[in-house]
$ cat query-v3.tsv   # TSV, C-alpha atoms
chain	number	residue	atom	x	y	z
A	1	MET	CA	-8.37	-14.37	-18.79
A	2	ARG	CA	-11.27	-12.01	-18.14
A	3	LYS	CA	-10.81	-8.23	-18.10
A	4	GLN	CA	-10.63	-6.92	-14.55
A	5	ASN	CA	-13.51	-4.77	-13.32
A	6	LYS	CA	-12.12	-1.23	-13.40
A	7	PHE	CA	-13.97	-0.34	-10.19
A	8	ALA	CA	-12.20	-3.14	-8.31
A	9	VAL	CA	-8.88	-1.32	-8.78
A	10	THR	CA	-7.73	0.46	-5.63
A	11	ILE	CA	-5.72	3.61	-6.30
A	12	LEU	CA	-2.97	4.27	-3.76
A	13	VAL	CA	-1.76	7.87	-3.59
A	14	CYS	CA	1.62	8.49	-1.97
A	15	ASP	CA	2.18	12.19	-1.30
A	16	ASP	CA	3.55	13.98	1.77
A	17	ASP	CA	1.60	17.21	1.18
A	18	GLU	CA	-1.81	17.16	2.86
A	19	ASP	CA	-3.21	19.81	0.50
A	20	ASP	CA	-2.00	17.89	-2.56
A	21	ARG	CA	-3.61	14.70	-1.25
A	22	ALA	CA	-6.91	16.53	-0.74
A	23	LEU	CA	-6.74	18.16	-4.19
A	24	THR	CA	-5.89	14.84	-5.84
A	25	GLU	CA	-8.83	13.16	-4.12
A	26	GLN	CA	-11.17	15.97	-5.13
A	27	ALA	CA	-9.86	15.92	-8.72
A	28	LEU	CA	-10.39	12.16	-8.94
A	29	GLN	CA	-13.98	12.65	-7.72
A	30	GLU	CA	-14.55	15.52	-10.19
A	31	ALA	CA	-13.17	13.27	-12.94
A	32	ARG	CA	-15.86	10.74	-11.94
A	33	ILE	CA	-13.36	8.08	-10.91
A	34	SER	CA	-15.24	6.14	-8.27
A	35	ASN	CA	-12.52	3.64	-7.41
A	36	ALA	CA	-11.42	3.14	-3.82
A	37	ILE	CA	-8.62	5.58	-3.01
A	38	ARG	CA	-6.12	5.10	-0.21
A	39	PHE	CA	-3.44	7.54	0.94
A	40	VAL	CA	0.01	7.24	2.44
A	41	GLU	CA	2.30	10.13	3.33
A	42	ASP	CA	5.80	8.93	2.42
A	43	GLY	CA	7.79	6.07	0.97
A	44	GLU	CA	8.06	4.28	4.32
A	45	GLN	CA	4.28	4.25	4.73
A	46	LEU	CA	3.96	3.14	1.11
A	47	LEU	CA	6.14	0.10	1.74
A	48	ASP	CA	4.35	-0.62	5.04
A	49	TYR	CA	1.05	-0.52	3.14
A	50	LEU	CA	2.30	-2.79	0.35
A	51	TYR	CA	3.84	-5.30	2.75
A	52	GLN	CA	0.95	-4.92	5.22
A	53	ARG	CA	3.21	-4.24	8.16
A	54	GLY	CA	3.26	-1.65	10.93
A	55	ALA	CA	0.03	0.36	10.97
A	56	PHE	CA	-1.26	-1.76	8.06
A	57	SER	CA	-0.51	-5.15	9.62
A	58	GLY	CA	-3.40	-7.56	9.28
A	59	GLU	CA	-5.61	-4.85	7.83
A	60	THR	CA	-6.28	-6.45	4.45
A	61	GLY	CA	-9.68	-4.76	4.22
A	62	GLU	CA	-8.10	-1.38	4.97
A	63	ALA	CA	-5.01	-1.96	2.86
A	64	PRO	CA	-6.10	-3.86	-0.26
A	65	ARG	CA	-3.41	-4.45	-2.86
A	66	PRO	CA	-3.47	-1.43	-5.15
A	67	GLY	CA	-4.00	-1.78	-8.87
A	68	LEU	CA	-2.38	1.61	-9.45
A	69	ILE	CA	0.00	3.78	-7.42
A	70	LEU	CA	0.28	7.56	-7.84
A	71	LEU	CA	3.70	8.46	-6.44
A	72	ASP	CA	5.21	11.81	-5.52
A	73	LEU	CA	9.00	11.98	-5.76
A	74	ASN	CA	10.00	14.57	-3.16
A	75	MET	CA	9.03	13.33	0.29
A	76	PRO	CA	10.66	13.09	3.71
A	77	LYS	CA	11.91	9.80	5.15
A	78	LEU	CA	12.00	7.50	2.11
A	79	ASP	CA	11.49	9.57	-1.04
A	80	GLY	CA	9.61	8.43	-4.12
A	81	ARG	CA	12.73	7.57	-6.10
A	82	ASP	CA	13.96	5.16	-3.43
A	83	ALA	CA	10.48	3.69	-2.93
A	84	LEU	CA	10.15	3.19	-6.70
A	85	LYS	CA	13.50	1.40	-6.82
A	86	LEU	CA	12.48	-0.95	-3.98
A	87	ILE	CA	9.02	-1.70	-5.41
A	88	LYS	CA	10.23	-2.37	-8.94
A	89	GLY	CA	13.05	-4.49	-7.53
A	90	ASP	CA	10.63	-6.80	-5.69
A	91	PRO	CA	9.22	-9.61	-7.88
A	92	GLU	CA	6.02	-9.64	-5.79
A	93	LEU	CA	5.35	-5.91	-6.26
A	94	ARG	CA	6.91	-4.92	-9.58
A	95	ASP	CA	3.75	-5.66	-11.57
A	96	ILE	CA	1.81	-2.88	-9.81
A	97	PRO	CA	1.66	0.04	-12.25
A	98	ILE	CA	3.19	3.23	-10.84
A	99	VAL	CA	2.55	6.71	-12.16
A	100	VAL	CA	4.86	9.41	-10.85
A	101	LEU	CA	2.74	12.48	-10.12
A	102	THR	CA	5.10	15.24	-9.05
A	103	THR	CA	5.88	18.93	-9.35
A	104	SER	CA	9.31	18.10	-10.78
A	105	ARG	CA	10.00	18.87	-14.41
A	106	LEU	CA	13.67	17.95	-14.19
A	107	ASP	CA	14.94	15.80	-17.04
A	108	GLU	CA	17.06	13.84	-14.55
A	109	ASP	CA	13.94	12.93	-12.52
A	110	ILE	CA	12.08	11.83	-15.64
A	111	ILE	CA	15.01	9.76	-16.94
A	112	ARG	CA	15.78	8.20	-13.55
A	113	SER	CA	12.13	7.35	-12.91
A	114	TYR	CA	11.85	5.48	-16.20
A	115	LYS	CA	15.18	3.72	-15.61
A	116	LEU	CA	13.81	2.59	-12.22
A	117	GLY	CA	10.73	1.13	-13.93
A	118	VAL	CA	7.98	3.74	-13.57
A	119	ASN	CA	5.07	3.17	-15.94
A	120	SER	CA	4.26	6.85	-16.53
A	121	PHE	CA	5.57	10.24	-15.43
A	122	MET	CA	3.18	13.19	-15.01
A	123	THR	CA	3.99	16.68	-13.82
A	124	LYS	CA	1.26	18.03	-11.53
A	125	PRO	CA	-0.74	20.71	-13.31
A	126	VAL	CA	-0.61	24.14	-11.68
A	127	THR	CA	-4.39	24.69	-11.79
A	128	PHE	CA	-7.14	22.61	-10.23
A	129	SER	CA	-8.97	22.40	-13.59
A	130	GLY	CA	-5.73	21.09	-15.11
A	131	LEU	CA	-5.50	18.48	-12.34
A	132	ILE	CA	-9.09	17.37	-13.00
A	133	GLU	CA	-8.32	16.99	-16.71
A	134	ALA	CA	-5.14	15.04	-15.89
A	135	MET	CA	-7.13	12.69	-13.63
A	136	LYS	CA	-9.72	12.17	-16.40
A	137	VAL	CA	-6.97	11.19	-18.83
A	138	LEU	CA	-5.26	9.03	-16.20
A	139	GLY	CA	-8.55	7.31	-15.38
A	140	ARG	CA	-9.44	6.67	-19.02
A	141	TYR	CA	-6.01	5.27	-19.79
A	142	TRP	CA	-5.26	3.20	-16.67
A	143	LEU	CA	-8.80	2.08	-15.84
A	144	GLU	CA	-10.41	1.72	-19.27
A	145	VAL	CA	-7.81	1.31	-22.02
A	146	VAL	CA	-4.97	-0.82	-20.67
A	147	GLU	CA	-5.18	-4.30	-19.26
A	148	LEU	CA	-3.96	-4.32	-15.67
A	149	PRO	CA	-2.49	-7.40	-13.99
A	150	PRO	CA	-5.11	-9.50	-12.17
A	151	LEU	CA	-5.60	-8.53	-8.55
A	152	ARG	CA	-4.09	-10.87	-6.01
A	153	ALA	CA	-3.38	-10.85	-2.33
A	154	ALA	CA	-0.57	-8.68	-1.00
A	155	PRO	CA	2.72	-10.51	-0.53
A	156	PRO	CA	3.56	-11.93	2.87
A	157	GLU	CA	6.18	-10.10	4.90
$ encode --input "query-v3.tsv" --output "structure tokens"
Amino acid sequence: MRKQNKFAVTILVCDDDEDDRALTEQALQEARISNAIRFVEDGEQLLDYLYQRGAFSGETGEAPRPGLILLDLNMPKLDGRDALKLIKGDPELRDIPIVVLTTSRLDEDIIRSYKLGVNSFMTKPVTFSGLIEAMKVLGRYWLEVVELPPLRAAPPE
């Protein structure tokens, strides 16, 4: 099987904080990661995006299957822990790599995230320069070093 084009990988960022979403997008740009980036604001929107339902229904061009999800843990509605559990419990979605990107440094969050199947756990750096460096490392690792599963269509509802 041929290596996937790293630029074909859509990065889906799930974070309820508008400022954090903007900073993450800017840090990804500063890190020279030119992949398509999509944003959702909570776990419910994340699942709607992945299952292409609700606001994302029939919008395959607007909601392409992500090759990588950056997931915050602490969100309203459906939090990241519950979303992670549902995604990794679904045979059609569990192969999408998920990186928890959160302010939490709690051992219990780290342990629970890995038990639920997260692929990596990163604590958000406190400085913007630290966030840029983290995005550079994330980009090198997830988009250049590892082999990601081949892209395929999103699962039907």
$ atom_distance --input "query-v3.tsv" --atom1 "atom CA of Lys124 of chain A" --atom2 "atom CA of Arg53 of chain A"
29.8 Å
$ atom_distance --input "query-v3.tsv" --atom1 "atom CA of Gly139 of chain A" --atom2 "atom CA of Ile111 of chain A"
23.7 Å
$ residues_around --input "query-v3.tsv" --residues "Val100 of chain A" --least-positions-apart "3" --cutoff "8 Å" --atoms "only C-alpha atoms" --output "VMD selection string"
chain A and resid 70 to 73 113 118 120 to 123
$ residues_around --input "query-v3.tsv" --residues "Tyr114 of chain A" --least-positions-apart "2" --cutoff "12 Å" --atoms "all atoms listed in the file" --output "count of residues only"
20
$ residues_near_point --input "query-v3.tsv" --point "(-10.1, 3.6, -15.2)" --cutoff "10 Å" --atoms "only C-alpha atoms" --output "VMD selection string"
chain A and resid 5 to 9 11 32 to 35 68 135 to 146
$ atom_distance --input "query-v3.tsv" --atom1 "atom CA of Leu148 of chain A" --atom2 "atom CA of Leu78 of chain A"
26.7 Å
$ closest_residue --input "query-v3.tsv" --among "A:Pro149, A:Val126, A:Asp20, A:Asp82" --to "Leu46 of chain A" --atoms "all atoms listed in the file"
A:Asp82
$ closest_residue --input "query-v3.tsv" --among "A:Gly67, A:Gly80, A:Gly58, A:Pro125" --to "Val40 of chain A" --atoms "all atoms listed in the file"
A:Gly80
$ build_atoms --input "query-v3.tsv" --residues "segment 116-130 of chain A" --atoms "N, CA, C and O atoms" --output "JSON list (two decimals), in the coordinates of the input"
[["chain", "number", "residue", "atom", "x", "y", "z"],
["A", 116, "LEU", "N", 14.18, 3.38, -13.40],
["A", 116, "LEU", "CA", 13.81, 2.59, -12.22],
["A", 116, "LEU", "C", 12.54, 1.76, -12.45],
["A", 116, "LEU", "O", 12.17, 0.96, -11.61],
["A", 117, "GLY", "N", 11.87, 1.97, -13.59],
["A", 117, "GLY", "CA", 10.73, 1.13, -13.93],
["A", 117, "GLY", "C", 9.36, 1.77, -13.81],
["A", 117, "GLY", "O", 8.35, 1.07, -13.87],
["A", 118, "VAL", "N", 9.29, 3.10, -13.65],
["A", 118, "VAL", "CA", 7.98, 3.74, -13.57],
["A", 118, "VAL", "C", 7.21, 3.49, -14.87],
["A", 118, "VAL", "O", 7.80, 3.35, -15.94],
["A", 119, "ASN", "N", 5.90, 3.43, -14.76],
["A", 119, "ASN", "CA", 5.07, 3.17, -15.94],
["A", 119, "ASN", "C", 4.68, 4.44, -16.68],
["A", 119, "ASN", "O", 4.47, 4.41, -17.88],
["A", 120, "SER", "N", 4.56, 5.55, -15.94],
["A", 120, "SER", "CA", 4.26, 6.85, -16.53],
["A", 120, "SER", "C", 4.80, 7.94, -15.62],
["A", 120, "SER", "O", 4.91, 7.73, -14.40],
["A", 121, "PHE", "N", 5.08, 9.09, -16.18],
["A", 121, "PHE", "CA", 5.57, 10.24, -15.43],
["A", 121, "PHE", "C", 4.69, 11.43, -15.79],
["A", 121, "PHE", "O", 4.60, 11.79, -16.96],
["A", 122, "MET", "N", 4.04, 12.03, -14.80],
["A", 122, "MET", "CA", 3.18, 13.19, -15.01],
["A", 122, "MET", "C", 3.63, 14.32, -14.08],
["A", 122, "MET", "O", 3.84, 14.09, -12.89],
["A", 123, "THR", "N", 3.73, 15.51, -14.64],
["A", 123, "THR", "CA", 3.99, 16.68, -13.82],
["A", 123, "THR", "C", 2.63, 17.23, -13.37],
["A", 123, "THR", "O", 1.71, 17.35, -14.19],
["A", 124, "LYS", "N", 2.52, 17.52, -12.06],
["A", 124, "LYS", "CA", 1.26, 18.03, -11.53],
["A", 124, "LYS", "C", 0.91, 19.35, -12.21],
["A", 124, "LYS", "O", 1.72, 20.27, -12.26],
["A", 125, "PRO", "N", -0.30, 19.44, -12.73],
["A", 125, "PRO", "CA", -0.74, 20.71, -13.31],
["A", 125, "PRO", "C", -0.80, 21.80, -12.23],
["A", 125, "PRO", "O", -1.01, 21.50, -11.06],
["A", 126, "VAL", "N", -0.63, 23.05, -12.65],
["A", 126, "VAL", "CA", -0.61, 24.14, -11.68],
["A", 126, "VAL", "C", -2.01, 24.62, -11.31],
["A", 126, "VAL", "O", -2.18, 25.27, -10.28],
["A", 127, "THR", "N", -3.02, 24.28, -12.11],
["A", 127, "THR", "CA", -4.39, 24.69, -11.79],
["A", 127, "THR", "C", -5.22, 23.47, -11.41],
["A", 127, "THR", "O", -4.92, 22.34, -11.82],
["A", 128, "PHE", "N", -6.26, 23.71, -10.62],
["A", 128, "PHE", "CA", -7.14, 22.61, -10.23],
["A", 128, "PHE", "C", -7.86, 22.05, -11.46],
["A", 128, "PHE", "O", -8.02, 20.83, -11.58],
["A", 129, "SER", "N", -8.29, 22.90, -12.38],
["A", 129, "SER", "CA", -8.97, 22.40, -13.59],
["A", 129, "SER", "C", -8.01, 21.53, -14.40],
["A", 129, "SER", "O", -8.42, 20.54, -15.00],
["A", 130, "GLY", "N", -6.73, 21.91, -14.42],
["A", 130, "GLY", "CA", -5.73, 21.09, -15.11],
["A", 130, "GLY", "C", -5.56, 19.74, -14.43],
["A", 130, "GLY", "O", -5.38, 18.72, -15.09]]
